[in-house]
$ cat run-v3.txt   # compact mmCIF, N, CA and C atoms
# COMPACT_ATOMS: atom_id res chain seq x y z
N MET A 39 -3.35 61.26 18.18
CA MET A 39 -2.04 61.66 17.68
C MET A 39 -1.83 61.20 16.23
N TYR A 40 -2.30 60.00 15.92
CA TYR A 40 -2.17 59.47 14.56
C TYR A 40 -3.54 59.51 13.90
N PRO A 41 -3.65 60.19 12.76
CA PRO A 41 -4.95 60.36 12.10
C PRO A 41 -5.64 59.02 11.81
N ALA A 42 -6.93 58.98 12.12
CA ALA A 42 -7.71 57.75 11.95
C ALA A 42 -7.97 57.41 10.50
N ASP A 43 -7.84 58.39 9.59
CA ASP A 43 -8.11 58.12 8.18
C ASP A 43 -6.91 57.51 7.46
N LEU A 44 -5.82 57.28 8.17
CA LEU A 44 -4.63 56.68 7.59
C LEU A 44 -4.48 55.24 8.03
N LYS A 45 -3.73 54.47 7.23
CA LYS A 45 -3.27 53.14 7.62
C LYS A 45 -1.76 53.24 7.79
N TYR A 46 -1.18 52.35 8.58
CA TYR A 46 0.23 52.46 8.95
C TYR A 46 0.95 51.14 8.78
N THR A 47 2.27 51.23 8.51
CA THR A 47 3.11 50.03 8.47
C THR A 47 3.93 49.96 9.75
N LYS A 48 4.44 48.79 10.04
CA LYS A 48 5.31 48.64 11.19
C LYS A 48 6.66 49.31 10.96
N ASP A 49 6.93 49.68 9.69
CA ASP A 49 8.16 50.39 9.34
C ASP A 49 7.98 51.90 9.38
N HIS A 50 6.79 52.36 9.84
CA HIS A 50 6.51 53.78 10.11
C HIS A 50 6.18 54.62 8.88
N GLU A 51 5.60 53.98 7.85
CA GLU A 51 5.02 54.73 6.76
C GLU A 51 3.51 54.81 6.97
N TRP A 52 2.89 55.84 6.41
CA TRP A 52 1.44 55.93 6.42
C TRP A 52 0.94 55.94 4.97
N ILE A 53 -0.34 55.59 4.81
CA ILE A 53 -0.97 55.63 3.49
C ILE A 53 -2.38 56.18 3.64
N ARG A 54 -2.73 57.09 2.74
CA ARG A 54 -4.08 57.67 2.72
C ARG A 54 -4.67 57.40 1.34
N THR A 55 -5.76 56.64 1.31
CA THR A 55 -6.36 56.27 0.03
C THR A 55 -7.47 57.25 -0.34
N SER A 56 -7.62 57.46 -1.65
CA SER A 56 -8.72 58.25 -2.18
C SER A 56 -8.95 57.81 -3.62
N ALA A 57 -10.20 57.49 -3.93
CA ALA A 57 -10.56 57.02 -5.27
C ALA A 57 -9.63 55.90 -5.71
N ASP A 58 -8.82 56.12 -6.74
CA ASP A 58 -7.97 55.03 -7.24
C ASP A 58 -6.48 55.25 -6.95
N THR A 59 -6.16 56.26 -6.12
CA THR A 59 -4.75 56.49 -5.77
C THR A 59 -4.59 56.56 -4.25
N ALA A 60 -3.34 56.57 -3.83
CA ALA A 60 -3.05 56.64 -2.39
C ALA A 60 -1.75 57.41 -2.20
N ASP A 61 -1.74 58.30 -1.22
CA ASP A 61 -0.53 59.04 -0.85
C ASP A 61 0.20 58.27 0.25
N VAL A 62 1.53 58.34 0.20
CA VAL A 62 2.38 57.64 1.16
C VAL A 62 3.37 58.62 1.75
N GLY A 63 3.56 58.56 3.06
CA GLY A 63 4.55 59.39 3.75
C GLY A 63 5.08 58.66 4.96
N ILE A 64 5.80 59.39 5.81
CA ILE A 64 6.29 58.78 7.05
C ILE A 64 5.53 59.37 8.23
N THR A 65 5.47 58.61 9.29
CA THR A 65 4.68 59.00 10.46
C THR A 65 5.41 60.03 11.32
N ASP A 66 4.64 60.66 12.19
CA ASP A 66 5.21 61.60 13.15
C ASP A 66 6.27 60.89 14.00
N TYR A 67 6.01 59.66 14.39
CA TYR A 67 6.98 58.90 15.17
C TYR A 67 8.30 58.79 14.40
N ALA A 68 8.22 58.46 13.12
CA ALA A 68 9.43 58.29 12.30
C ALA A 68 10.21 59.58 12.20
N GLN A 69 9.52 60.70 11.95
CA GLN A 69 10.25 61.96 11.80
C GLN A 69 10.87 62.39 13.13
N GLN A 70 10.22 62.06 14.25
CA GLN A 70 10.81 62.38 15.55
C GLN A 70 12.09 61.58 15.77
N GLN A 71 12.07 60.30 15.37
CA GLN A 71 13.25 59.46 15.53
C GLN A 71 14.40 59.93 14.63
N LEU A 72 14.05 60.41 13.44
CA LEU A 72 15.07 60.86 12.49
C LEU A 72 15.69 62.19 12.89
N GLY A 73 14.89 63.09 13.42
CA GLY A 73 15.37 64.45 13.66
C GLY A 73 15.17 65.28 12.40
N ASP A 74 15.95 66.34 12.26
CA ASP A 74 15.78 67.27 11.14
C ASP A 74 16.07 66.59 9.80
N VAL A 75 15.03 66.49 8.96
CA VAL A 75 15.18 65.88 7.64
C VAL A 75 15.86 66.88 6.71
N VAL A 76 16.91 66.40 6.02
CA VAL A 76 17.68 67.28 5.13
C VAL A 76 17.60 66.85 3.67
N PHE A 77 17.12 65.63 3.39
CA PHE A 77 17.06 65.15 2.01
C PHE A 77 16.07 64.00 1.90
N VAL A 78 15.29 63.99 0.81
CA VAL A 78 14.40 62.88 0.51
C VAL A 78 14.71 62.43 -0.91
N GLU A 79 15.10 61.16 -1.06
CA GLU A 79 15.35 60.58 -2.38
C GLU A 79 14.01 60.12 -2.95
N LEU A 80 13.61 60.73 -4.06
CA LEU A 80 12.34 60.41 -4.69
C LEU A 80 12.54 59.43 -5.84
N PRO A 81 11.63 58.46 -5.98
CA PRO A 81 11.74 57.49 -7.07
C PRO A 81 11.20 58.07 -8.38
N GLN A 82 11.31 57.30 -9.44
CA GLN A 82 10.79 57.69 -10.74
C GLN A 82 9.29 57.42 -10.83
N VAL A 83 8.55 58.37 -11.41
CA VAL A 83 7.14 58.14 -11.71
C VAL A 83 7.07 57.02 -12.75
N GLY A 84 6.10 56.14 -12.59
CA GLY A 84 5.96 55.01 -13.49
C GLY A 84 6.54 53.72 -12.94
N ARG A 85 7.36 53.82 -11.91
CA ARG A 85 7.94 52.62 -11.30
C ARG A 85 6.85 51.81 -10.64
N VAL A 86 6.94 50.49 -10.79
CA VAL A 86 5.98 49.59 -10.19
C VAL A 86 6.63 48.96 -8.95
N LEU A 87 5.91 49.02 -7.83
CA LEU A 87 6.43 48.55 -6.55
C LEU A 87 5.66 47.33 -6.06
N ALA A 88 6.36 46.46 -5.37
CA ALA A 88 5.72 45.39 -4.61
C ALA A 88 5.48 45.90 -3.20
N GLN A 89 4.51 45.31 -2.51
CA GLN A 89 4.30 45.70 -1.11
C GLN A 89 5.58 45.42 -0.33
N GLY A 90 6.02 46.40 0.45
CA GLY A 90 7.22 46.26 1.26
C GLY A 90 8.52 46.60 0.55
N GLU A 91 8.45 46.90 -0.74
CA GLU A 91 9.66 47.22 -1.51
C GLU A 91 10.18 48.61 -1.16
N VAL A 92 11.50 48.76 -1.12
CA VAL A 92 12.12 50.05 -0.87
C VAL A 92 11.90 50.94 -2.09
N PHE A 93 11.40 52.16 -1.87
CA PHE A 93 11.20 53.07 -3.00
C PHE A 93 12.07 54.32 -2.92
N GLY A 94 12.81 54.49 -1.85
CA GLY A 94 13.69 55.64 -1.71
C GLY A 94 14.29 55.68 -0.32
N THR A 95 14.93 56.80 -0.03
CA THR A 95 15.51 56.99 1.30
C THR A 95 15.17 58.39 1.80
N ILE A 96 15.27 58.52 3.11
CA ILE A 96 15.09 59.82 3.75
C ILE A 96 16.29 60.03 4.66
N GLU A 97 16.89 61.20 4.54
CA GLU A 97 18.13 61.48 5.27
C GLU A 97 17.91 62.63 6.25
N SER A 98 18.42 62.43 7.45
CA SER A 98 18.35 63.47 8.47
C SER A 98 19.76 63.76 8.97
N VAL A 99 19.83 64.66 9.91
CA VAL A 99 21.14 64.96 10.49
C VAL A 99 21.67 63.77 11.29
N LYS A 100 20.78 62.83 11.66
CA LYS A 100 21.16 61.68 12.47
C LYS A 100 21.42 60.41 11.66
N ALA A 101 20.63 60.20 10.59
CA ALA A 101 20.65 58.89 9.94
C ALA A 101 20.06 58.96 8.54
N VAL A 102 20.26 57.86 7.79
CA VAL A 102 19.59 57.65 6.52
C VAL A 102 18.71 56.42 6.70
N SER A 103 17.43 56.53 6.32
CA SER A 103 16.50 55.42 6.47
C SER A 103 15.85 55.10 5.13
N GLU A 104 15.60 53.82 4.92
CA GLU A 104 14.89 53.41 3.71
C GLU A 104 13.40 53.65 3.87
N LEU A 105 12.74 53.88 2.74
CA LEU A 105 11.28 54.05 2.69
C LEU A 105 10.69 52.83 2.01
N PHE A 106 9.65 52.26 2.62
CA PHE A 106 9.03 51.03 2.12
C PHE A 106 7.60 51.29 1.67
N SER A 107 7.22 50.70 0.55
CA SER A 107 5.87 50.89 0.04
C SER A 107 4.87 50.06 0.85
N PRO A 108 3.82 50.69 1.37
CA PRO A 108 2.81 49.95 2.13
C PRO A 108 1.97 49.01 1.28
N VAL A 109 1.90 49.29 -0.03
CA VAL A 109 1.07 48.49 -0.95
C VAL A 109 1.80 48.29 -2.27
N ALA A 110 1.37 47.28 -3.01
CA ALA A 110 1.85 47.11 -4.38
C ALA A 110 1.15 48.12 -5.26
N GLY A 111 1.87 48.67 -6.22
CA GLY A 111 1.24 49.61 -7.13
C GLY A 111 2.24 50.38 -7.96
N GLU A 112 1.70 51.24 -8.83
CA GLU A 112 2.52 52.06 -9.71
C GLU A 112 2.61 53.47 -9.14
N ILE A 113 3.81 54.02 -9.13
CA ILE A 113 4.00 55.41 -8.69
C ILE A 113 3.47 56.32 -9.79
N VAL A 114 2.48 57.14 -9.44
CA VAL A 114 1.87 58.05 -10.42
C VAL A 114 2.31 59.50 -10.20
N ALA A 115 2.89 59.80 -9.04
CA ALA A 115 3.39 61.16 -8.75
C ALA A 115 4.37 61.09 -7.59
N VAL A 116 5.27 62.07 -7.55
CA VAL A 116 6.16 62.25 -6.40
C VAL A 116 6.02 63.70 -5.95
N ASN A 117 6.26 63.93 -4.68
CA ASN A 117 6.13 65.28 -4.11
C ASN A 117 7.44 66.04 -4.34
N ASP A 118 7.54 66.68 -5.52
CA ASP A 118 8.75 67.41 -5.88
C ASP A 118 9.09 68.53 -4.91
N ALA A 119 8.09 69.03 -4.19
CA ALA A 119 8.35 70.12 -3.23
C ALA A 119 9.35 69.68 -2.16
N LEU A 120 9.45 68.39 -1.91
CA LEU A 120 10.37 67.90 -0.88
C LEU A 120 11.83 68.02 -1.32
N THR A 121 12.06 68.17 -2.63
CA THR A 121 13.42 68.33 -3.12
C THR A 121 14.04 69.62 -2.57
N SER A 122 13.27 70.69 -2.60
CA SER A 122 13.80 71.96 -2.11
C SER A 122 13.42 72.26 -0.66
N ALA A 123 12.43 71.54 -0.14
CA ALA A 123 11.99 71.78 1.24
C ALA A 123 11.69 70.46 1.97
N PRO A 124 12.73 69.64 2.18
CA PRO A 124 12.51 68.35 2.84
C PRO A 124 12.01 68.49 4.29
N GLU A 125 12.23 69.67 4.89
CA GLU A 125 11.80 69.88 6.27
C GLU A 125 10.28 69.84 6.43
N GLN A 126 9.53 69.86 5.32
CA GLN A 126 8.07 69.71 5.40
C GLN A 126 7.69 68.41 6.10
N VAL A 127 8.54 67.40 5.96
CA VAL A 127 8.30 66.11 6.62
C VAL A 127 8.30 66.28 8.13
N ASN A 128 9.13 67.18 8.65
CA ASN A 128 9.17 67.43 10.08
C ASN A 128 8.01 68.29 10.54
N SER A 129 7.66 69.31 9.77
CA SER A 129 6.64 70.26 10.21
C SER A 129 5.23 69.69 10.16
N ASP A 130 4.94 68.83 9.20
CA ASP A 130 3.60 68.25 9.11
C ASP A 130 3.67 66.86 8.46
N PRO A 131 4.19 65.87 9.20
CA PRO A 131 4.48 64.57 8.60
C PRO A 131 3.26 63.84 8.02
N HIS A 132 2.08 64.08 8.57
CA HIS A 132 0.91 63.35 8.06
C HIS A 132 0.23 64.07 6.90
N ALA A 133 0.80 65.20 6.48
CA ALA A 133 0.33 65.90 5.28
C ALA A 133 1.39 65.89 4.18
N ALA A 134 2.65 65.77 4.56
CA ALA A 134 3.76 65.82 3.60
C ALA A 134 3.95 64.45 2.95
N TRP A 135 3.14 64.18 1.93
CA TRP A 135 3.26 62.91 1.23
C TRP A 135 4.55 62.87 0.42
N ILE A 136 5.04 61.67 0.19
CA ILE A 136 6.30 61.49 -0.56
C ILE A 136 6.01 60.96 -1.95
N ILE A 137 5.17 59.92 -2.02
CA ILE A 137 4.78 59.37 -3.32
C ILE A 137 3.27 59.18 -3.37
N ARG A 138 2.74 59.16 -4.59
CA ARG A 138 1.33 58.83 -4.83
C ARG A 138 1.35 57.58 -5.71
N VAL A 139 0.65 56.56 -5.25
CA VAL A 139 0.62 55.30 -5.99
C VAL A 139 -0.81 54.95 -6.41
N ARG A 140 -0.89 54.15 -7.47
CA ARG A 140 -2.15 53.54 -7.87
C ARG A 140 -2.06 52.08 -7.44
N PRO A 141 -2.69 51.73 -6.31
CA PRO A 141 -2.57 50.35 -5.80
C PRO A 141 -3.08 49.32 -6.80
N THR A 142 -2.35 48.23 -6.90
CA THR A 142 -2.76 47.14 -7.79
C THR A 142 -3.36 45.97 -7.01
N THR A 143 -3.15 45.95 -5.71
CA THR A 143 -3.66 44.87 -4.88
C THR A 143 -4.35 45.50 -3.66
N PRO A 144 -5.61 45.92 -3.81
CA PRO A 144 -6.30 46.60 -2.71
C PRO A 144 -6.29 45.82 -1.38
N ALA A 145 -6.20 44.50 -1.46
CA ALA A 145 -6.17 43.68 -0.25
C ALA A 145 -4.93 43.96 0.60
N ASP A 146 -3.89 44.57 -0.01
CA ASP A 146 -2.70 44.93 0.78
C ASP A 146 -3.06 45.81 1.96
N LEU A 147 -4.07 46.66 1.78
CA LEU A 147 -4.48 47.57 2.85
C LEU A 147 -4.95 46.82 4.09
N ASP A 148 -5.47 45.62 3.90
CA ASP A 148 -5.98 44.83 5.03
C ASP A 148 -4.87 44.39 5.98
N SER A 149 -3.63 44.35 5.48
CA SER A 149 -2.52 43.89 6.32
C SER A 149 -1.88 45.04 7.11
N LEU A 150 -2.37 46.26 6.91
CA LEU A 150 -1.77 47.42 7.58
C LEU A 150 -2.46 47.71 8.91
N LEU A 151 -1.81 48.53 9.72
CA LEU A 151 -2.32 48.87 11.05
C LEU A 151 -3.25 50.07 10.98
N ASP A 152 -4.30 50.07 11.83
CA ASP A 152 -5.10 51.29 11.97
C ASP A 152 -4.40 52.17 13.01
N ALA A 153 -4.96 53.35 13.26
CA ALA A 153 -4.32 54.31 14.16
C ALA A 153 -4.11 53.74 15.57
N ASP A 154 -5.10 53.03 16.09
CA ASP A 154 -4.97 52.46 17.44
C ASP A 154 -3.88 51.42 17.51
N ALA A 155 -3.84 50.54 16.51
CA ALA A 155 -2.82 49.48 16.49
C ALA A 155 -1.43 50.08 16.32
N TYR A 156 -1.32 51.13 15.49
CA TYR A 156 -0.02 51.76 15.31
C TYR A 156 0.44 52.45 16.60
N THR A 157 -0.49 53.11 17.28
CA THR A 157 -0.16 53.76 18.55
C THR A 157 0.38 52.73 19.54
N GLN A 158 -0.25 51.54 19.60
CA GLN A 158 0.25 50.48 20.46
C GLN A 158 1.62 49.99 20.01
N HIS A 159 1.80 49.90 18.69
CA HIS A 159 3.08 49.43 18.13
C HIS A 159 4.26 50.32 18.54
N VAL A 160 4.03 51.64 18.52
CA VAL A 160 5.13 52.56 18.88
C VAL A 160 5.15 52.90 20.36
N GLY A 161 4.06 52.48 21.07
CA GLY A 161 3.84 52.81 22.47
C GLY A 161 4.99 52.58 23.37
$ encode --input "run-v3.txt" --output "structure tokens"
Amino acid sequence: MYPADLKYTKDHEWIRTSADTADVGITDYAQQQLGDVVFVELPQVGRVLAQGEVFGTIESVKAVSELFSPVAGEIVAVNDALTSAPEQVNSDPHAAWIIRVRPTTPADLDSLLDADAYTQHVG
């Protein structure tokens, strides 16, 4: 259910690393808990985040939730498509990235959950 190529936080974000950047989004579990997503607050490109720092919010018909960075790093891109089509988070949560970061502390990844551990966490 949860892709093995991703790492996960206990706050229900996922991260997919490639070369020197990483995409961050919310998990299928998170989008199910939220319901229909109607708005995603995107941060500024260039912002530097600490691991666990709030970088935005996601709003659904049920609630507003904060988004937390799984790793320390600089935001190098945001998924502008979510501004006009936030429902992408519901239709394909593990493909609908929210931010792309350049991690500054690769060891942060070691503190995240793999797919099996995340499945147990939400189990």
$ closest_residue --input "run-v3.txt" --among "A:Leu105, A:Val99, A:Leu147, A:Val75" --to "Glu51 in chain A" --atoms "only N, CA and C atoms"
A:Leu105
$ residues_near_point --input "run-v3.txt" --point "(-3.9, 56.0, -0.9)" --cutoff "12 Å" --atoms "only C-alpha atoms" --output "mmCIF file with N, CA and C atoms, in the frame of the given file"
data_model
loop_
_atom_site.group_PDB
_atom_site.id
_atom_site.type_symbol
_atom_site.label_atom_id
_atom_site.label_comp_id
_atom_site.auth_asym_id
_atom_site.auth_seq_id
_atom_site.Cartn_x
_atom_site.Cartn_y
_atom_site.Cartn_z
ATOM 1 N N ASP A 43 -7.840 58.390 9.590
ATOM 2 C CA ASP A 43 -8.110 58.120 8.180
ATOM 3 C C ASP A 43 -6.910 57.510 7.460
ATOM 4 N N LEU A 44 -5.820 57.280 8.170
ATOM 5 C CA LEU A 44 -4.630 56.680 7.590
ATOM 6 C C LEU A 44 -4.480 55.240 8.030
ATOM 7 N N LYS A 45 -3.730 54.470 7.230
ATOM 8 C CA LYS A 45 -3.270 53.140 7.620
ATOM 9 C C LYS A 45 -1.760 53.240 7.790
ATOM 10 N N TYR A 46 -1.180 52.350 8.580
ATOM 11 C CA TYR A 46 0.230 52.460 8.950
ATOM 12 C C TYR A 46 0.950 51.140 8.780
ATOM 13 N N GLU A 51 5.600 53.980 7.850
ATOM 14 C CA GLU A 51 5.020 54.730 6.760
ATOM 15 C C GLU A 51 3.510 54.810 6.970
ATOM 16 N N TRP A 52 2.890 55.840 6.410
ATOM 17 C CA TRP A 52 1.440 55.930 6.420
ATOM 18 C C TRP A 52 0.940 55.940 4.970
ATOM 19 N N ILE A 53 -0.340 55.590 4.810
ATOM 20 C CA ILE A 53 -0.970 55.630 3.490
ATOM 21 C C ILE A 53 -2.380 56.180 3.640
ATOM 22 N N ARG A 54 -2.730 57.090 2.740
ATOM 23 C CA ARG A 54 -4.080 57.670 2.720
ATOM 24 C C ARG A 54 -4.670 57.400 1.340
ATOM 25 N N THR A 55 -5.760 56.640 1.310
ATOM 26 C CA THR A 55 -6.360 56.270 0.030
ATOM 27 C C THR A 55 -7.470 57.250 -0.340
ATOM 28 N N SER A 56 -7.620 57.460 -1.650
ATOM 29 C CA SER A 56 -8.720 58.250 -2.180
ATOM 30 C C SER A 56 -8.950 57.810 -3.620
ATOM 31 N N ALA A 57 -10.200 57.490 -3.930
ATOM 32 C CA ALA A 57 -10.560 57.020 -5.270
ATOM 33 C C ALA A 57 -9.630 55.900 -5.710
ATOM 34 N N ASP A 58 -8.820 56.120 -6.740
ATOM 35 C CA ASP A 58 -7.970 55.030 -7.240
ATOM 36 C C ASP A 58 -6.480 55.250 -6.950
ATOM 37 N N THR A 59 -6.160 56.260 -6.120
ATOM 38 C CA THR A 59 -4.750 56.490 -5.770
ATOM 39 C C THR A 59 -4.590 56.560 -4.250
ATOM 40 N N ALA A 60 -3.340 56.570 -3.830
ATOM 41 C CA ALA A 60 -3.050 56.640 -2.390
ATOM 42 C C ALA A 60 -1.750 57.410 -2.200
ATOM 43 N N ASP A 61 -1.740 58.300 -1.220
ATOM 44 C CA ASP A 61 -0.530 59.040 -0.850
ATOM 45 C C ASP A 61 0.200 58.270 0.250
ATOM 46 N N VAL A 62 1.530 58.340 0.200
ATOM 47 C CA VAL A 62 2.380 57.640 1.160
ATOM 48 C C VAL A 62 3.370 58.620 1.750
ATOM 49 N N GLY A 63 3.560 58.560 3.060
ATOM 50 C CA GLY A 63 4.550 59.390 3.750
ATOM 51 C C GLY A 63 5.080 58.660 4.960
ATOM 52 N N SER A 107 7.220 50.700 0.550
ATOM 53 C CA SER A 107 5.870 50.890 0.040
ATOM 54 C C SER A 107 4.870 50.060 0.850
ATOM 55 N N PRO A 108 3.820 50.690 1.370
ATOM 56 C CA PRO A 108 2.810 49.950 2.130
ATOM 57 C C PRO A 108 1.970 49.010 1.280
ATOM 58 N N VAL A 109 1.900 49.290 -0.030
ATOM 59 C CA VAL A 109 1.070 48.490 -0.950
ATOM 60 C C VAL A 109 1.800 48.290 -2.270
ATOM 61 N N ALA A 110 1.370 47.280 -3.010
ATOM 62 C CA ALA A 110 1.850 47.110 -4.380
ATOM 63 C C ALA A 110 1.150 48.120 -5.260
ATOM 64 N N GLY A 111 1.870 48.670 -6.220
ATOM 65 C CA GLY A 111 1.240 49.610 -7.130
ATOM 66 C C GLY A 111 2.240 50.380 -7.960
ATOM 67 N N GLU A 112 1.700 51.240 -8.830
ATOM 68 C CA GLU A 112 2.520 52.060 -9.710
ATOM 69 C C GLU A 112 2.610 53.470 -9.140
ATOM 70 N N ILE A 113 3.810 54.020 -9.130
ATOM 71 C CA ILE A 113 4.000 55.410 -8.690
ATOM 72 C C ILE A 113 3.470 56.320 -9.790
ATOM 73 N N VAL A 114 2.480 57.140 -9.440
ATOM 74 C CA VAL A 114 1.870 58.050 -10.420
ATOM 75 C C VAL A 114 2.310 59.500 -10.200
ATOM 76 N N ALA A 115 2.890 59.800 -9.040
ATOM 77 C CA ALA A 115 3.390 61.160 -8.750
ATOM 78 C C ALA A 115 4.370 61.090 -7.590
ATOM 79 N N TRP A 135 3.140 64.180 1.930
ATOM 80 C CA TRP A 135 3.260 62.910 1.230
ATOM 81 C C TRP A 135 4.550 62.870 0.420
ATOM 82 N N ILE A 136 5.040 61.670 0.190
ATOM 83 C CA ILE A 136 6.300 61.490 -0.560
ATOM 84 C C ILE A 136 6.010 60.960 -1.950
ATOM 85 N N ILE A 137 5.170 59.920 -2.020
ATOM 86 C CA ILE A 137 4.780 59.370 -3.320
ATOM 87 C C ILE A 137 3.270 59.180 -3.370
ATOM 88 N N ARG A 138 2.740 59.160 -4.590
ATOM 89 C CA ARG A 138 1.330 58.830 -4.830
ATOM 90 C C ARG A 138 1.350 57.580 -5.710
ATOM 91 N N VAL A 139 0.650 56.560 -5.250
ATOM 92 C CA VAL A 139 0.620 55.300 -5.990
ATOM 93 C C VAL A 139 -0.810 54.950 -6.410
ATOM 94 N N ARG A 140 -0.890 54.150 -7.470
ATOM 95 C CA ARG A 140 -2.150 53.540 -7.870
ATOM 96 C C ARG A 140 -2.060 52.080 -7.440
ATOM 97 N N PRO A 141 -2.690 51.730 -6.310
ATOM 98 C CA PRO A 141 -2.570 50.350 -5.800
ATOM 99 C C PRO A 141 -3.080 49.320 -6.800
ATOM 100 N N THR A 142 -2.350 48.230 -6.900
ATOM 101 C CA THR A 142 -2.760 47.140 -7.790
ATOM 102 C C THR A 142 -3.360 45.970 -7.010
ATOM 103 N N THR A 143 -3.150 45.950 -5.710
ATOM 104 C CA THR A 143 -3.660 44.870 -4.880
ATOM 105 C C THR A 143 -4.350 45.500 -3.660
ATOM 106 N N PRO A 144 -5.610 45.920 -3.810
ATOM 107 C CA PRO A 144 -6.300 46.600 -2.710
ATOM 108 C C PRO A 144 -6.290 45.820 -1.380
ATOM 109 N N ASP A 146 -3.890 44.570 -0.010
ATOM 110 C CA ASP A 146 -2.700 44.930 0.780
ATOM 111 C C ASP A 146 -3.060 45.810 1.960
ATOM 112 N N LEU A 147 -4.070 46.660 1.780
ATOM 113 C CA LEU A 147 -4.480 47.570 2.850
ATOM 114 C C LEU A 147 -4.950 46.820 4.090
#
$ closest_residue --input "run-v3.txt" --among "A:Phe77, A:Gln71, A:Val102, A:Gln82" --to "Ala123 in chain A" --atoms "only N, CA and C atoms"
A:Phe77
$ select_by_dssp --input "run-v3.txt" --residues "range 84-135 of chain A" --states "strand (DSSP E)" --output "PyMOL selection string"
chain A and resi 86-87+92-98+102-106+111-116
$ write_last_selection --input "run-v3.txt" --atoms "N, CA and C atoms" --output "PDB file, in the frame of the given file"
ATOM      1  N   VAL A  86       6.940  50.490 -10.790  1.00  0.00           N
ATOM      2  CA  VAL A  86       5.980  49.590 -10.190  1.00  0.00           C
ATOM      3  C   VAL A  86       6.630  48.960  -8.950  1.00  0.00           C
ATOM      4  N   LEU A  87       5.910  49.020  -7.830  1.00  0.00           N
ATOM      5  CA  LEU A  87       6.430  48.550  -6.550  1.00  0.00           C
ATOM      6  C   LEU A  87       5.660  47.330  -6.060  1.00  0.00           C
ATOM      7  N   VAL A  92      11.500  48.760  -1.120  1.00  0.00           N
ATOM      8  CA  VAL A  92      12.120  50.050  -0.870  1.00  0.00           C
ATOM      9  C   VAL A  92      11.900  50.940  -2.090  1.00  0.00           C
ATOM     10  N   PHE A  93      11.400  52.160  -1.870  1.00  0.00           N
ATOM     11  CA  PHE A  93      11.200  53.070  -3.000  1.00  0.00           C
ATOM     12  C   PHE A  93      12.070  54.320  -2.920  1.00  0.00           C
ATOM     13  N   GLY A  94      12.810  54.490  -1.850  1.00  0.00           N
ATOM     14  CA  GLY A  94      13.690  55.640  -1.710  1.00  0.00           C
ATOM     15  C   GLY A  94      14.290  55.680  -0.320  1.00  0.00           C
ATOM     16  N   THR A  95      14.930  56.800  -0.030  1.00  0.00           N
ATOM     17  CA  THR A  95      15.510  56.990   1.300  1.00  0.00           C
ATOM     18  C   THR A  95      15.170  58.390   1.800  1.00  0.00           C
ATOM     19  N   ILE A  96      15.270  58.520   3.110  1.00  0.00           N
ATOM     20  CA  ILE A  96      15.090  59.820   3.750  1.00  0.00           C
ATOM     21  C   ILE A  96      16.290  60.030   4.660  1.00  0.00           C
ATOM     22  N   GLU A  97      16.890  61.200   4.540  1.00  0.00           N
ATOM     23  CA  GLU A  97      18.130  61.480   5.270  1.00  0.00           C
ATOM     24  C   GLU A  97      17.910  62.630   6.250  1.00  0.00           C
ATOM     25  N   SER A  98      18.420  62.430   7.450  1.00  0.00           N
ATOM     26  CA  SER A  98      18.350  63.470   8.470  1.00  0.00           C
ATOM     27  C   SER A  98      19.760  63.760   8.970  1.00  0.00           C
ATOM     28  N   VAL A 102      20.260  57.860   7.790  1.00  0.00           N
ATOM     29  CA  VAL A 102      19.590  57.650   6.520  1.00  0.00           C
ATOM     30  C   VAL A 102      18.710  56.420   6.700  1.00  0.00           C
ATOM     31  N   SER A 103      17.430  56.530   6.320  1.00  0.00           N
ATOM     32  CA  SER A 103      16.500  55.420   6.470  1.00  0.00           C
ATOM     33  C   SER A 103      15.850  55.100   5.130  1.00  0.00           C
ATOM     34  N   GLU A 104      15.600  53.820   4.920  1.00  0.00           N
ATOM     35  CA  GLU A 104      14.890  53.410   3.710  1.00  0.00           C
ATOM     36  C   GLU A 104      13.400  53.650   3.870  1.00  0.00           C
ATOM     37  N   LEU A 105      12.740  53.880   2.740  1.00  0.00           N
ATOM     38  CA  LEU A 105      11.280  54.050   2.690  1.00  0.00           C
ATOM     39  C   LEU A 105      10.690  52.830   2.010  1.00  0.00           C
ATOM     40  N   PHE A 106       9.650  52.260   2.620  1.00  0.00           N
ATOM     41  CA  PHE A 106       9.030  51.030   2.120  1.00  0.00           C
ATOM     42  C   PHE A 106       7.600  51.290   1.670  1.00  0.00           C
ATOM     43  N   GLY A 111       1.870  48.670  -6.220  1.00  0.00           N
ATOM     44  CA  GLY A 111       1.240  49.610  -7.130  1.00  0.00           C
ATOM     45  C   GLY A 111       2.240  50.380  -7.960  1.00  0.00           C
ATOM     46  N   GLU A 112       1.700  51.240  -8.830  1.00  0.00           N
ATOM     47  CA  GLU A 112       2.520  52.060  -9.710  1.00  0.00           C
ATOM     48  C   GLU A 112       2.610  53.470  -9.140  1.00  0.00           C
ATOM     49  N   ILE A 113       3.810  54.020  -9.130  1.00  0.00           N
ATOM     50  CA  ILE A 113       4.000  55.410  -8.690  1.00  0.00           C
ATOM     51  C   ILE A 113       3.470  56.320  -9.790  1.00  0.00           C
ATOM     52  N   VAL A 114       2.480  57.140  -9.440  1.00  0.00           N
ATOM     53  CA  VAL A 114       1.870  58.050 -10.420  1.00  0.00           C
ATOM     54  C   VAL A 114       2.310  59.500 -10.200  1.00  0.00           C
ATOM     55  N   ALA A 115       2.890  59.800  -9.040  1.00  0.00           N
ATOM     56  CA  ALA A 115       3.390  61.160  -8.750  1.00  0.00           C
ATOM     57  C   ALA A 115       4.370  61.090  -7.590  1.00  0.00           C
ATOM     58  N   VAL A 116       5.270  62.070  -7.550  1.00  0.00           N
ATOM     59  CA  VAL A 116       6.160  62.250  -6.400  1.00  0.00           C
ATOM     60  C   VAL A 116       6.020  63.700  -5.950  1.00  0.00           C
TER      61      VAL A 116
END
$ atom_distance --input "run-v3.txt" --atom1 "atom C of Gln69 in chain A" --atom2 "atom C of Ser103 in chain A"
11.9 Å
$ atom_distance --input "run-v3.txt" --atom1 "atom C of Pro124 in chain A" --atom2 "CA of Asp154 in chain A"
26.8 Å
$ atom_distance --input "run-v3.txt" --atom1 "atom N of Gly161 in chain A" --atom2 "CA of Gly73 in chain A"
18.1 Å
